[in-house]
Each structure stands twice: as structure tokens, then as C-alpha cells.
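So the structure is just underneath, and the comments pick up after that.
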Amino acid sequence: MHSTSVSTVSAYTAHREWASRPPDERFTSVHALFEAARARRDRTHERRLDLSQVHTVAPTDDSLVLREPFGREAALTHWSFEQLAGIAGAPPRYLRTLPASIAALALNVGLSRRRREGVQLFAEVDDPWTIHAVTSQRYTRVHHDELAGRVVDLMEAHPAWHLPLGYKDGVWGAEKVPSGAYLGDRDLFLFLVDGNRAIDDPTDPSNGGLFRGFILRNSDVGAAALSLEMFLFRAVCGNHIIWGLQHVVGFRRRHVGASIHEAWHDSLTEIAGHLDAGLDADRTRLLRATSQELGSSRQAVLDTVTQRLDLSQKVAGEAYDVAATTEPNPRSVWGYVQGLTRLSQRLPWQDQRFALDQAASRLLATVD
């Protein structure tokens with residue numbers, strides 16, 4: 001697994017999942033999620049068709065279905081309808097405002113203009129037959145149960161890794177709170193932590209230490225890339241805001257080409273080795289980050305980070321000033337990274353916080 005220049009994980013990534021997932025997408029264990037994913041896979045199949053074989057019809061004024069060559073009709077989900085509309089070059093939001101018969105006609109006209117292309121249908125074969133995804137034939141599917149099964153194996157080999165505790169009905173850490181393991185009709189999201197083995201942080205006067213975590217995300221319907229991000233953190237709140245997050249390594253791959261299977265297999269194998277290892281490597285990396293300086297003065301540090309991270313002088317200066325009040329050496333890579341992440345936590349807008357968290361990850365990745 002390789003270091004990435006930009007992490008897709010911020011301090012609020014897991015929080016957004018915790019706050020937005022409906023009850024039927026939450027699981028109390030990775031094993032329970034794996035069983036649900038395997039059952040879902042058993043109910044689905046993939047089929048390739050030429051666009052000349054794809055046709056939509058409107059059985060009623062408010063329903064639209066896809067009709068296969070042999071006359072069988074399948075319902076479309078909200079997501080697969082958007083995908084089909086995209087292939088046809090039609091705006092899905094506008095199509096939903098039209099009578100189904102007109103929307104079907106518009107889709108068929110758009111599809112007829114792209115007859116040379118083929119599509120891949122991902123369908124649930126139970127009654128009613130439902131299309132979950134309409135993708136190009138270049139799309140390579142990685143099934144959720146394959147990934148969740150590997151994580152179950154990792155957890156059995158390394159029991160220190162677990163789902164983080166969370167709030168439920170105002171209670172923190174209540175028994176069997178479904179937090180950190182989510183499986184919906186579009187994606188899988190797993191958030192695991194090793195909260196029992198601390199890494200010494202020489203810059204932390206409280207001696208609270210740092211801990212390791214990782215987030216795995218995948219979509220088998222084309223809604224998200226396959227990504228695996230490992231990071232260090234100070235604490236995780238009951239609402240899954242990650243405090244003191246520092247990106248370590250990451251893997252991200254679009255679902256195109258057969259190599260994605262080998263790539264994620266190698267990445268999970270490497271993470272297994274990382275979990276099996278002691279804390280010495282992470283401790284060494286942290287010590288290097290605390291000893292490497294970005295400049296000999298405040299202005300020298302600002303000149304370095306504005307060049308490396310594409311930050312404005314104003315934002316760079318604010319991060320330095322925050323670090324100067326909390327860290328022993330704000331000129332070090334580690335000290336300045338802490339300033340960036342602490343400044344991020346004070347910002348009101350999500351996109352601004354995400355940008356600073358990304359900048360912190362890029363800077364930490366430069367430690368050699």
C-alpha cells in the first residue's frame with residue numbers, strides 16, 4: 001500500500017456516516033455486516049447487454065421500468081435510474097418531473113444514439129426484479145462480502161481492533177450500539193480503531209498518546225471508489241468526530257480494470273502485516289516528524305508551507321499561531337500539522353475543514 005498525496009479522510013468523515021445512516025444500514029459488528037453482504041450477493045447477478053437491447057417502458061403514468069430482450073421487466077432504483085439517464089445523456093432530475101411515458105420515450109431516444117456501446121446490469125433476482133446499477137462494461141465490481149470477510153479475518157487475528165463506541169439515545173457506549181459498520185444499497189463503510197495500544201507522543205504534555213485507525217469504503221454499484229485509509233488519532237467522540245487525526249497511508253482505486261482485485265488484495269495483505277507489527281515504526285515516524293523543521297523562523301515556515309500546500313499566507317499564519325500556543329515546536333512538521341488540524345476544528349464550513357485536513361495529511365506524508 002502506498003502513501004497518497006491527498007487523503008479522502010477528514011476528522012468528520014466517520015461522523016457524517018454516524019449522523020446520516022438510517023437504522024437498516026447500521027450493524028453492531030463487522031461479522032453481522034459480512035453476513036448481510038453475503039446474503040445480498042447471493043440475491044444478485046450481473047448481466048452484459050448491448051444498448052440496442054435496453055429499452056424502457058411506462059406500465060403506468062407514475063412508474064418506469066427497464067424491459068429486457070425476452071420481455072422481462074425490472075424496476076430501477078433511484079441510483080440506477082440516474083446512471084441510465086446519464087448514459088442516455090438526459091438530466092435525471094428533470095425526467096422525474098415528467099409523466100413516466102414521456103420520460104421513457106426521452107430515455108429511449110437518448111439510448112438509441114449510443115447503440116454501439118454496451119452496459120452491465122447489476123440486478124437483484126428476487127421478486128420484484130430490481131436493477132441496482134447500470135454501468136459501462138469496463139466497470140469492475142468488488143463485492144462487499146469479499147472486503148468485509150477480509151476485515152473479519154483481520155479482527156480475529158488482531159483482537160485489539162474493534163468498532164468505536166458511539167452515542168445512541170443520549171447514551172455513550174451503550175451495549176451493542178450500531179456504530180462504525182454501515183452497509184447500504186450504494187456503499188459499504190467500515191471504521192475500526194485500535195484504542196488499546198497507545199503510541200507515545202513526545203509533544204503531548206498530557207501523555208495521552210496516539211492510536212491507530214482505518215476506514216474502508218467501497219461501492220458495488222459505481223457510487224464510490226474503493227479506498228482504504230490508515231491514520232493516527234488522539235480520540236474519537238461518541239459521534240465519531242476524530243480528534244488529532246493524522247493520515248498515514250492510503251489506497252484508492254476506481255472500479256476500472258482487472259487490476260483492482262489484485263491491488264486491494266495486496267493492500268489488505270499489507271495492512272495485515274501493519275496490524276501484526278508493533279508500534280515501533282509509527283513511533284519512529286512520529287519522532288522524525290517532531291525533529292524535522294520546516295524553517296528556522298515563522299516566516300520561513302510560512303514560505304515553505306505555502307509553496308508545498310498551496311495555502312494562503314493568512315491561513316498558513318493562522319495555523320502557525322495556533323501551533324505556537326499548543327505545541328513545543330511549531331516549526332517542526334508535527335507541530336505545524338497539529339496547528340493545521342486544530343485550526344480546522346475551529347472552522348464553521350465543512351469544505352474549509354476538509355481542505356485543511358487534506359493539507360495536514362500531505363505535509364505529514366513528506367516525512368522521510
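Identifiers in the C-alpha cells: chain A, B, ... in order shown; residue index from 1 per chain; ligand index from 1 in order shown.
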
Find the residues of region 147-169 of chain A that sit at most 9 Å from region 183-192 of chain A; for each, write down the nearest two atoms and how far apart they are in Å, to one decimal. Count only C-alpha atoms. Sort by chain, then by number going up, and give it as JSON lines.
{"residue": "A:Ala148", "atom": "CA", "partner": "A:Leu190", "partner_atom": "CA", "distance": 8.5}
{"residue": "A:Trp161", "atom": "CA", "partner": "A:Leu192", "partner_atom": "CA", "distance": 6.3}
{"residue": "A:His162", "atom": "CA", "partner": "A:Leu192", "partner_atom": "CA", "distance": 5.4}
{"residue": "A:Leu163", "atom": "CA", "partner": "A:Leu192", "partner_atom": "CA", "distance": 4.8}
{"residue": "A:Pro164", "atom": "CA", "partner": "A:Leu192", "partner_atom": "CA", "distance": 6.4}

For the selection just defined, write its residues with N, CA, C and O atoms to a file, as a tab-separated table (two decimals), in the first residue's frame.
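This went into part-v1.tsv:
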chain	number	residue	atom	x	y	z
A	148	ALA	N	-15.51	-7.28	3.49
A	148	ALA	CA	-15.88	-7.46	4.90
A	148	ALA	C	-15.33	-8.76	5.45
A	148	ALA	O	-14.92	-8.83	6.62
A	161	TRP	N	-8.33	-4.62	17.48
A	161	TRP	CA	-9.08	-3.77	16.56
A	161	TRP	C	-10.57	-4.00	16.74
A	161	TRP	O	-11.04	-5.13	16.80
A	162	HIS	N	-11.32	-2.91	16.81
A	162	HIS	CA	-12.75	-3.01	17.08
A	162	HIS	C	-13.48	-1.80	16.52
A	162	HIS	O	-12.86	-0.78	16.17
A	163	LEU	N	-14.80	-1.88	16.45
A	163	LEU	CA	-15.60	-0.73	16.08
A	163	LEU	C	-15.60	0.27	17.23
A	163	LEU	O	-15.64	-0.13	18.41
A	164	PRO	N	-15.55	1.56	16.95
A	164	PRO	CA	-15.56	2.55	18.04
A	164	PRO	C	-16.93	2.62	18.70
A	164	PRO	O	-17.96	2.37	18.07

All alpha helix (DSSP H) residues (DSSP, backbone) inside region 225-367 of chain A, as a PyMOL selection string: chain A and resi 259-276+280-291+298-309+313-326+333-346+350-364

Between CA of Arg331 (chain A) and CA of Gln299 (chain A) - distance in Å to one decimal: 9.9 Å

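Using only C-alpha atoms, the protein and nucleic acid residues lying no more than 9 Å from Glu124 (chain A), apart from those fewer than 3 places from it along its own chain, are Arg40, Arg41, Asp42, Arg43, Thr44, His45, Asp127, Pro128, Trp129, Thr130, Ile131 and His132 of chain A.
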
Just all heavy atoms for this one: save the residues we selected as an mmCIF file, in the first residue's frame.
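Once written, part-v8.cif looks like this:
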data_model
loop_
_atom_site.group_PDB
_atom_site.id
_atom_site.type_symbol
_atom_site.label_atom_id
_atom_site.label_comp_id
_atom_site.auth_asym_id
_atom_site.auth_seq_id
_atom_site.Cartn_x
_atom_site.Cartn_y
_atom_site.Cartn_z
ATOM 1 N N ARG A 40 -26.896 -10.560 0.402
ATOM 2 C CA ARG A 40 -27.241 -9.666 -0.704
ATOM 3 C C ARG A 40 -26.603 -10.132 -2.006
ATOM 4 O O ARG A 40 -27.247 -10.122 -3.068
ATOM 5 C CB ARG A 40 -26.796 -8.243 -0.373
ATOM 6 C CG ARG A 40 -27.047 -7.201 -1.476
ATOM 7 C CD ARG A 40 -26.619 -5.825 -0.981
ATOM 8 N NE ARG A 40 -26.880 -4.779 -1.963
ATOM 9 C CZ ARG A 40 -26.002 -4.368 -2.869
ATOM 10 N NH1 ARG A 40 -24.796 -4.921 -2.901
ATOM 11 N NH2 ARG A 40 -26.307 -3.406 -3.718
ATOM 12 N N ARG A 41 -25.357 -10.547 -1.922
ATOM 13 C CA ARG A 41 -24.670 -11.012 -3.133
ATOM 14 C C ARG A 41 -25.338 -12.256 -3.701
ATOM 15 O O ARG A 41 -25.437 -12.422 -4.924
ATOM 16 C CB ARG A 41 -23.204 -11.292 -2.823
ATOM 17 C CG ARG A 41 -22.413 -11.745 -4.045
ATOM 18 C CD ARG A 41 -20.952 -11.937 -3.708
ATOM 19 N NE ARG A 41 -20.193 -12.369 -4.869
ATOM 20 C CZ ARG A 41 -18.888 -12.599 -4.852
ATOM 21 N NH1 ARG A 41 -18.198 -12.428 -3.737
ATOM 22 N NH2 ARG A 41 -18.270 -13.004 -5.946
ATOM 23 N N ASP A 42 -25.822 -13.143 -2.827
ATOM 24 C CA ASP A 42 -26.485 -14.354 -3.286
ATOM 25 C C ASP A 42 -27.778 -14.045 -4.037
ATOM 26 O O ASP A 42 -28.255 -14.871 -4.829
ATOM 27 C CB ASP A 42 -26.796 -15.270 -2.094
ATOM 28 C CG ASP A 42 -25.544 -15.900 -1.498
ATOM 29 O OD1 ASP A 42 -24.501 -15.910 -2.184
ATOM 30 O OD2 ASP A 42 -25.607 -16.373 -0.350
ATOM 31 N N ARG A 43 -28.347 -12.867 -3.791
ATOM 32 C CA ARG A 43 -29.613 -12.499 -4.440
ATOM 33 C C ARG A 43 -29.406 -11.720 -5.738
ATOM 34 O O ARG A 43 -30.378 -11.301 -6.353
ATOM 35 C CB ARG A 43 -30.468 -11.641 -3.499
ATOM 36 C CG ARG A 43 -30.856 -12.295 -2.194
ATOM 37 C CD ARG A 43 -31.949 -11.487 -1.491
ATOM 38 N NE ARG A 43 -31.571 -10.098 -1.283
ATOM 39 C CZ ARG A 43 -30.969 -9.631 -0.187
ATOM 40 N NH1 ARG A 43 -30.654 -10.467 0.793
ATOM 41 N NH2 ARG A 43 -30.669 -8.342 -0.076
ATOM 42 N N THR A 44 -28.152 -11.474 -6.098
ATOM 43 C CA THR A 44 -27.892 -10.612 -7.258
ATOM 44 C C THR A 44 -27.110 -11.346 -8.340
ATOM 45 O O THR A 44 -26.469 -12.378 -8.075
ATOM 46 C CB THR A 44 -27.099 -9.362 -6.838
ATOM 47 O OG1 THR A 44 -25.857 -9.773 -6.237
ATOM 48 C CG2 THR A 44 -27.887 -8.517 -5.855
ATOM 49 N N HIS A 45 -27.178 -10.804 -9.548
ATOM 50 C CA HIS A 45 -26.342 -11.307 -10.630
ATOM 51 C C HIS A 45 -25.983 -10.162 -11.563
ATOM 52 O O HIS A 45 -26.604 -9.103 -11.540
ATOM 53 C CB HIS A 45 -27.027 -12.448 -11.389
ATOM 54 C CG HIS A 45 -28.150 -12.015 -12.269
ATOM 55 N ND1 HIS A 45 -29.280 -12.751 -12.463
ATOM 56 C CD2 HIS A 45 -28.336 -10.900 -13.039
ATOM 57 C CE1 HIS A 45 -30.091 -12.134 -13.299
ATOM 58 N NE2 HIS A 45 -29.533 -11.020 -13.650
ATOM 59 N N ASP A 127 -38.178 -11.394 -6.462
ATOM 60 C CA ASP A 127 -39.369 -10.690 -6.921
ATOM 61 C C ASP A 127 -39.670 -9.541 -5.957
ATOM 62 O O ASP A 127 -39.784 -9.780 -4.752
ATOM 63 C CB ASP A 127 -40.548 -11.677 -6.963
ATOM 64 C CG ASP A 127 -41.756 -11.108 -7.675
ATOM 65 O OD1 ASP A 127 -41.545 -10.268 -8.554
ATOM 66 O OD2 ASP A 127 -42.882 -11.506 -7.319
ATOM 67 N N PRO A 128 -39.826 -8.299 -6.398
ATOM 68 C CA PRO A 128 -39.725 -7.880 -7.801
ATOM 69 C C PRO A 128 -38.262 -7.754 -8.237
ATOM 70 O O PRO A 128 -37.405 -7.368 -7.463
ATOM 71 C CB PRO A 128 -40.413 -6.520 -7.789
ATOM 72 C CG PRO A 128 -40.145 -5.989 -6.417
ATOM 73 C CD PRO A 128 -40.159 -7.177 -5.504
ATOM 74 N N TRP A 129 -38.029 -8.075 -9.492
ATOM 75 C CA TRP A 129 -36.696 -7.970 -10.072
ATOM 76 C C TRP A 129 -36.301 -6.503 -10.122
ATOM 77 O O TRP A 129 -37.041 -5.655 -10.615
ATOM 78 C CB TRP A 129 -36.722 -8.566 -11.462
ATOM 79 C CG TRP A 129 -35.383 -8.747 -12.082
ATOM 80 C CD1 TRP A 129 -34.255 -9.226 -11.490
ATOM 81 C CD2 TRP A 129 -35.041 -8.453 -13.437
ATOM 82 N NE1 TRP A 129 -33.219 -9.253 -12.378
ATOM 83 C CE2 TRP A 129 -33.673 -8.785 -13.585
ATOM 84 C CE3 TRP A 129 -35.738 -7.956 -14.526
ATOM 85 C CZ2 TRP A 129 -32.997 -8.629 -14.785
ATOM 86 C CZ3 TRP A 129 -35.063 -7.795 -15.729
ATOM 87 C CH2 TRP A 129 -33.714 -8.129 -15.859
ATOM 88 N N THR A 130 -35.115 -6.169 -9.581
ATOM 89 C CA THR A 130 -34.706 -4.771 -9.435
ATOM 90 C C THR A 130 -33.286 -4.572 -9.947
ATOM 91 O O THR A 130 -32.385 -5.345 -9.606
ATOM 92 C CB THR A 130 -34.778 -4.342 -7.962
ATOM 93 O OG1 THR A 130 -36.102 -4.559 -7.465
ATOM 94 C CG2 THR A 130 -34.425 -2.861 -7.814
ATOM 95 N N ILE A 131 -33.092 -3.521 -10.749
ATOM 96 C CA ILE A 131 -31.763 -3.158 -11.240
ATOM 97 C C ILE A 131 -31.130 -2.199 -10.233
ATOM 98 O O ILE A 131 -31.632 -1.116 -9.995
ATOM 99 C CB ILE A 131 -31.833 -2.478 -12.620
ATOM 100 C CG1 ILE A 131 -32.564 -3.366 -13.629
ATOM 101 C CG2 ILE A 131 -30.431 -2.133 -13.103
ATOM 102 C CD1 ILE A 131 -31.863 -4.651 -13.949
ATOM 103 N N HIS A 132 -29.999 -2.602 -9.650
ATOM 104 C CA HIS A 132 -29.299 -1.758 -8.677
ATOM 105 C C HIS A 132 -28.245 -0.875 -9.326
ATOM 106 O O HIS A 132 -27.879 0.155 -8.758
ATOM 107 C CB HIS A 132 -28.651 -2.623 -7.596
ATOM 108 C CG HIS A 132 -29.619 -3.213 -6.632
ATOM 109 N ND1 HIS A 132 -30.186 -2.500 -5.606
ATOM 110 C CD2 HIS A 132 -30.147 -4.464 -6.551
ATOM 111 C CE1 HIS A 132 -31.008 -3.274 -4.913
ATOM 112 N NE2 HIS A 132 -31.003 -4.471 -5.473
#

All residues 10 Å or closer to Leu226 (chain A), only C-alpha atoms, same chain fewer than 6 positions away omitted, as a VMD selection string: chain A and resid 141 to 142 147 187 to 188 216 to 220 251 to 255 260 264

Pairwise distance for CA of Val177 (chain A) and CA of Arg342 (chain A), rounded to one decimal in Å: 28.7 Å

Test item: residues at most 7 Å from region 229-237 of chain A, only C-alpha atoms, excluding those fewer than 6 positions along its chain, as a PyMOL selection string: chain A and resi 209-216+243-251

What does the file look like for those residues with N, CA, C and O atoms, as a short mmCIF file (atom, residue, chain, number, x, y, z; two decimals), in the first residue's frame?
data_model
loop_
_atom_site.label_atom_id
_atom_site.label_comp_id
_atom_site.auth_asym_id
_atom_site.auth_seq_id
_atom_site.Cartn_x
_atom_site.Cartn_y
_atom_site.Cartn_z
N GLY A 209 -1.12 9.99 24.40
CA GLY A 209 -0.72 9.08 23.34
C GLY A 209 -1.57 9.19 22.09
O GLY A 209 -2.57 9.91 22.04
N LEU A 210 -1.16 8.47 21.06
CA LEU A 210 -1.88 8.39 19.80
C LEU A 210 -2.28 6.95 19.54
O LEU A 210 -1.63 6.01 20.02
N PHE A 211 -3.34 6.78 18.78
CA PHE A 211 -3.86 5.45 18.48
C PHE A 211 -4.02 5.30 16.97
O PHE A 211 -4.01 6.27 16.23
N ARG A 212 -4.19 4.06 16.54
CA ARG A 212 -4.30 3.78 15.11
C ARG A 212 -5.74 3.46 14.72
O ARG A 212 -6.50 2.89 15.51
N GLY A 213 -6.11 3.85 13.51
CA GLY A 213 -7.43 3.55 13.00
C GLY A 213 -7.38 3.38 11.49
O GLY A 213 -6.40 3.75 10.85
N PHE A 214 -8.43 2.80 10.93
CA PHE A 214 -8.53 2.77 9.47
C PHE A 214 -10.00 2.82 9.05
O PHE A 214 -10.90 2.43 9.80
N ILE A 215 -10.22 3.35 7.85
CA ILE A 215 -11.54 3.45 7.25
C ILE A 215 -11.49 2.77 5.88
O ILE A 215 -10.62 3.06 5.07
N LEU A 216 -12.43 1.87 5.66
CA LEU A 216 -12.55 1.16 4.40
C LEU A 216 -13.89 1.51 3.78
O LEU A 216 -14.93 1.43 4.45
N TRP A 243 -10.47 13.25 16.64
CA TRP A 243 -9.63 14.35 17.11
C TRP A 243 -8.16 14.00 16.92
O TRP A 243 -7.73 12.89 17.18
N GLY A 244 -7.42 14.99 16.44
CA GLY A 244 -5.98 14.80 16.24
C GLY A 244 -5.66 13.83 15.13
O GLY A 244 -4.64 13.14 15.18
N LEU A 245 -6.50 13.79 14.10
CA LEU A 245 -6.29 12.84 13.00
C LEU A 245 -5.06 13.21 12.19
O LEU A 245 -4.89 14.35 11.79
N GLN A 246 -4.22 12.22 11.95
CA GLN A 246 -3.04 12.39 11.09
C GLN A 246 -2.99 11.23 10.13
O GLN A 246 -2.87 10.08 10.52
N HIS A 247 -3.11 11.54 8.83
CA HIS A 247 -3.12 10.49 7.81
C HIS A 247 -1.76 9.81 7.75
O HIS A 247 -0.72 10.45 7.84
N VAL A 248 -1.77 8.48 7.58
CA VAL A 248 -0.53 7.72 7.49
C VAL A 248 -0.32 7.20 6.08
O VAL A 248 0.57 7.63 5.36
N VAL A 249 -1.13 6.28 5.66
CA VAL A 249 -1.04 5.74 4.31
C VAL A 249 -2.44 5.49 3.78
O VAL A 249 -3.40 5.36 4.54
N GLY A 250 -2.56 5.40 2.47
CA GLY A 250 -3.87 5.17 1.90
C GLY A 250 -3.80 4.53 0.53
O GLY A 250 -2.78 4.56 -0.16
N PHE A 251 -4.91 3.93 0.17
CA PHE A 251 -5.07 3.28 -1.12
C PHE A 251 -6.43 3.70 -1.67
O PHE A 251 -7.44 3.71 -0.95
#

Who sits within 7 Å of Arg67 (chain A), only C-alpha atoms, same chain under 3 positions skipped, as a VMD selection string: chain A and resid 54 to 57 71 to 74

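The coordinates place CA of Ala37 (chain A) at 28.5 Å from CA of Ser63 (chain A).
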
Pick from A:Gly238, A:Pro92, A:Gly118, A:Pro69 nearest to Gln137 (chain A), counting only C-alpha atoms: A:Gly118

Selection: 12 Å around Pro159 (chain A), only C-alpha atoms, excl. self and same-chain fewer than 3 positions, as a ChimeraX atom specification: /A:151-156,162-163,192-197,275-276

Written selection (all heavy atoms) as a CSV table (one decimal), in the first residue's frame:
chain,number,residue,atom,x,y,z
A,151,VAL,N,-11.8,-8.2,6.5
A,151,VAL,CA,-11.7,-7.5,7.7
A,151,VAL,C,-12.0,-8.3,8.9
A,151,VAL,O,-11.4,-8.2,10.0
A,151,VAL,CB,-12.6,-6.2,7.7
A,151,VAL,CG1,-12.6,-5.5,9.0
A,151,VAL,CG2,-12.2,-5.3,6.6
A,152,VAL,N,-13.0,-9.2,8.8
A,152,VAL,CA,-13.4,-10.2,9.9
A,152,VAL,C,-12.1,-11.0,10.2
A,152,VAL,O,-11.8,-11.2,11.4
A,152,VAL,CB,-14.5,-11.1,9.4
A,152,VAL,CG1,-14.7,-12.2,10.4
A,152,VAL,CG2,-15.8,-10.3,9.4
A,153,ASP,N,-11.4,-11.5,9.1
A,153,ASP,CA,-10.2,-12.3,9.4
A,153,ASP,C,-9.2,-11.5,10.1
A,153,ASP,O,-8.5,-12.0,11.0
A,153,ASP,CB,-9.6,-12.8,8.0
A,153,ASP,CG,-10.6,-13.8,7.4
A,153,ASP,OD1,-11.4,-14.4,8.0
A,153,ASP,OD2,-10.4,-14.0,6.1
A,154,LEU,N,-9.0,-10.2,9.7
A,154,LEU,CA,-8.0,-9.3,10.4
A,154,LEU,C,-8.4,-9.2,11.9
A,154,LEU,O,-7.5,-9.2,12.7
A,154,LEU,CB,-8.0,-8.0,9.7
A,154,LEU,CG,-7.4,-7.9,8.3
A,154,LEU,CD1,-7.5,-6.5,7.7
A,154,LEU,CD2,-6.0,-8.4,8.3
A,155,MET,N,-9.6,-8.9,12.1
A,155,MET,CA,-10.0,-8.7,13.5
A,155,MET,C,-9.9,-10.0,14.4
A,155,MET,O,-9.5,-9.9,15.6
A,155,MET,CB,-11.5,-8.3,13.6
A,155,MET,CG,-11.7,-6.9,12.9
A,155,MET,SD,-13.5,-6.4,12.9
A,155,MET,CE,-13.7,-6.1,14.7
A,156,GLU,N,-10.1,-11.1,13.8
A,156,GLU,CA,-9.9,-12.4,14.5
A,156,GLU,C,-8.4,-12.6,14.8
A,156,GLU,O,-8.0,-13.1,15.9
A,156,GLU,CB,-10.4,-13.6,13.7
A,156,GLU,CG,-11.9,-13.6,13.7
A,156,GLU,CD,-12.5,-14.7,12.8
A,156,GLU,OE1,-11.7,-15.4,12.1
A,156,GLU,OE2,-13.7,-14.9,12.8
A,162,HIS,N,-11.3,-2.9,16.8
A,162,HIS,CA,-12.7,-3.0,17.1
A,162,HIS,C,-13.5,-1.8,16.5
A,162,HIS,O,-12.9,-0.8,16.2
A,162,HIS,CB,-13.0,-3.1,18.6
A,162,HIS,CG,-12.5,-2.0,19.4
A,162,HIS,ND1,-11.2,-1.9,19.8
A,162,HIS,CD2,-13.1,-0.8,19.8
A,162,HIS,CE1,-11.0,-0.7,20.4
A,162,HIS,NE2,-12.1,-0.1,20.4
A,163,LEU,N,-14.8,-1.9,16.5
A,163,LEU,CA,-15.6,-0.7,16.1
A,163,LEU,C,-15.6,0.3,17.2
A,163,LEU,O,-15.6,-0.1,18.4
A,163,LEU,CB,-17.0,-1.2,15.8
A,163,LEU,CG,-17.3,-2.1,14.6
A,163,LEU,CD1,-18.7,-2.5,14.5
A,163,LEU,CD2,-16.8,-1.4,13.3
A,192,LEU,N,-12.7,1.3,11.9
A,192,LEU,CA,-12.2,0.5,13.0
A,192,LEU,C,-11.0,1.2,13.7
A,192,LEU,O,-10.3,2.0,13.1
A,192,LEU,CB,-11.7,-0.9,12.5
A,192,LEU,CG,-12.8,-1.9,12.4
A,192,LEU,CD1,-13.5,-1.8,11.0
A,192,LEU,CD2,-12.3,-3.3,12.5
A,193,VAL,N,-10.8,1.0,15.0
A,193,VAL,CA,-9.8,1.6,15.8
A,193,VAL,C,-9.1,0.6,16.6
A,193,VAL,O,-9.6,-0.5,17.0
A,193,VAL,CB,-10.3,2.7,16.7
A,193,VAL,CG1,-11.0,3.8,15.8
A,193,VAL,CG2,-11.4,2.2,17.7
A,194,ASP,N,-7.8,0.8,16.9
A,194,ASP,CA,-7.1,0.1,17.9
A,194,ASP,C,-6.9,1.0,19.1
A,194,ASP,O,-5.9,1.8,19.2
A,194,ASP,CB,-5.7,-0.3,17.3
A,194,ASP,CG,-4.8,-1.1,18.3
A,194,ASP,OD1,-5.2,-1.2,19.5
A,194,ASP,OD2,-3.8,-1.6,17.9
A,195,GLY,N,-7.8,1.1,20.0
A,195,GLY,CA,-7.8,2.0,21.1
A,195,GLY,C,-7.2,1.6,22.3
A,195,GLY,O,-7.2,2.2,23.4
A,196,ASN,N,-6.5,0.4,22.3
A,196,ASN,CA,-5.9,-0.2,23.5
A,196,ASN,C,-4.4,0.0,23.5
A,196,ASN,O,-3.8,-0.2,24.6
A,196,ASN,CB,-6.3,-1.7,23.6
A,196,ASN,CG,-7.8,-1.9,23.7
A,196,ASN,OD1,-8.5,-1.1,24.3
A,196,ASN,ND2,-8.3,-2.9,23.0
A,197,ARG,N,-3.8,0.2,22.4
A,197,ARG,CA,-2.3,0.3,22.3
A,197,ARG,C,-1.9,1.7,21.9
A,197,ARG,O,-2.0,2.1,20.8
A,197,ARG,CB,-1.7,-0.7,21.4
A,197,ARG,CG,-2.0,-2.2,21.8
A,197,ARG,CD,-1.3,-3.1,20.9
A,197,ARG,NE,-1.7,-3.0,19.5
A,197,ARG,CZ,-1.1,-3.6,18.5
A,197,ARG,NH1,0.0,-4.3,18.7
A,197,ARG,NH2,-1.6,-3.5,17.2
A,275,LEU,N,-0.8,-4.4,11.0
A,275,LEU,CA,-1.5,-4.6,12.3
A,275,LEU,C,-0.7,-5.6,13.1
A,275,LEU,O,-0.7,-5.5,14.3
A,275,LEU,CB,-2.9,-5.2,12.0
A,275,LEU,CG,-3.9,-4.4,11.2
A,275,LEU,CD1,-5.2,-5.1,11.0
A,275,LEU,CD2,-4.0,-3.0,11.8
A,276,ASP,N,0.0,-6.5,12.5
A,276,ASP,CA,0.7,-7.5,13.2
A,276,ASP,C,2.0,-7.0,13.8
A,276,ASP,O,2.5,-7.5,14.7
A,276,ASP,CB,1.1,-8.7,12.2
A,276,ASP,CG,1.6,-9.9,13.0
A,276,ASP,OD1,1.1,-10.2,14.1
A,276,ASP,OD2,2.5,-10.6,12.5
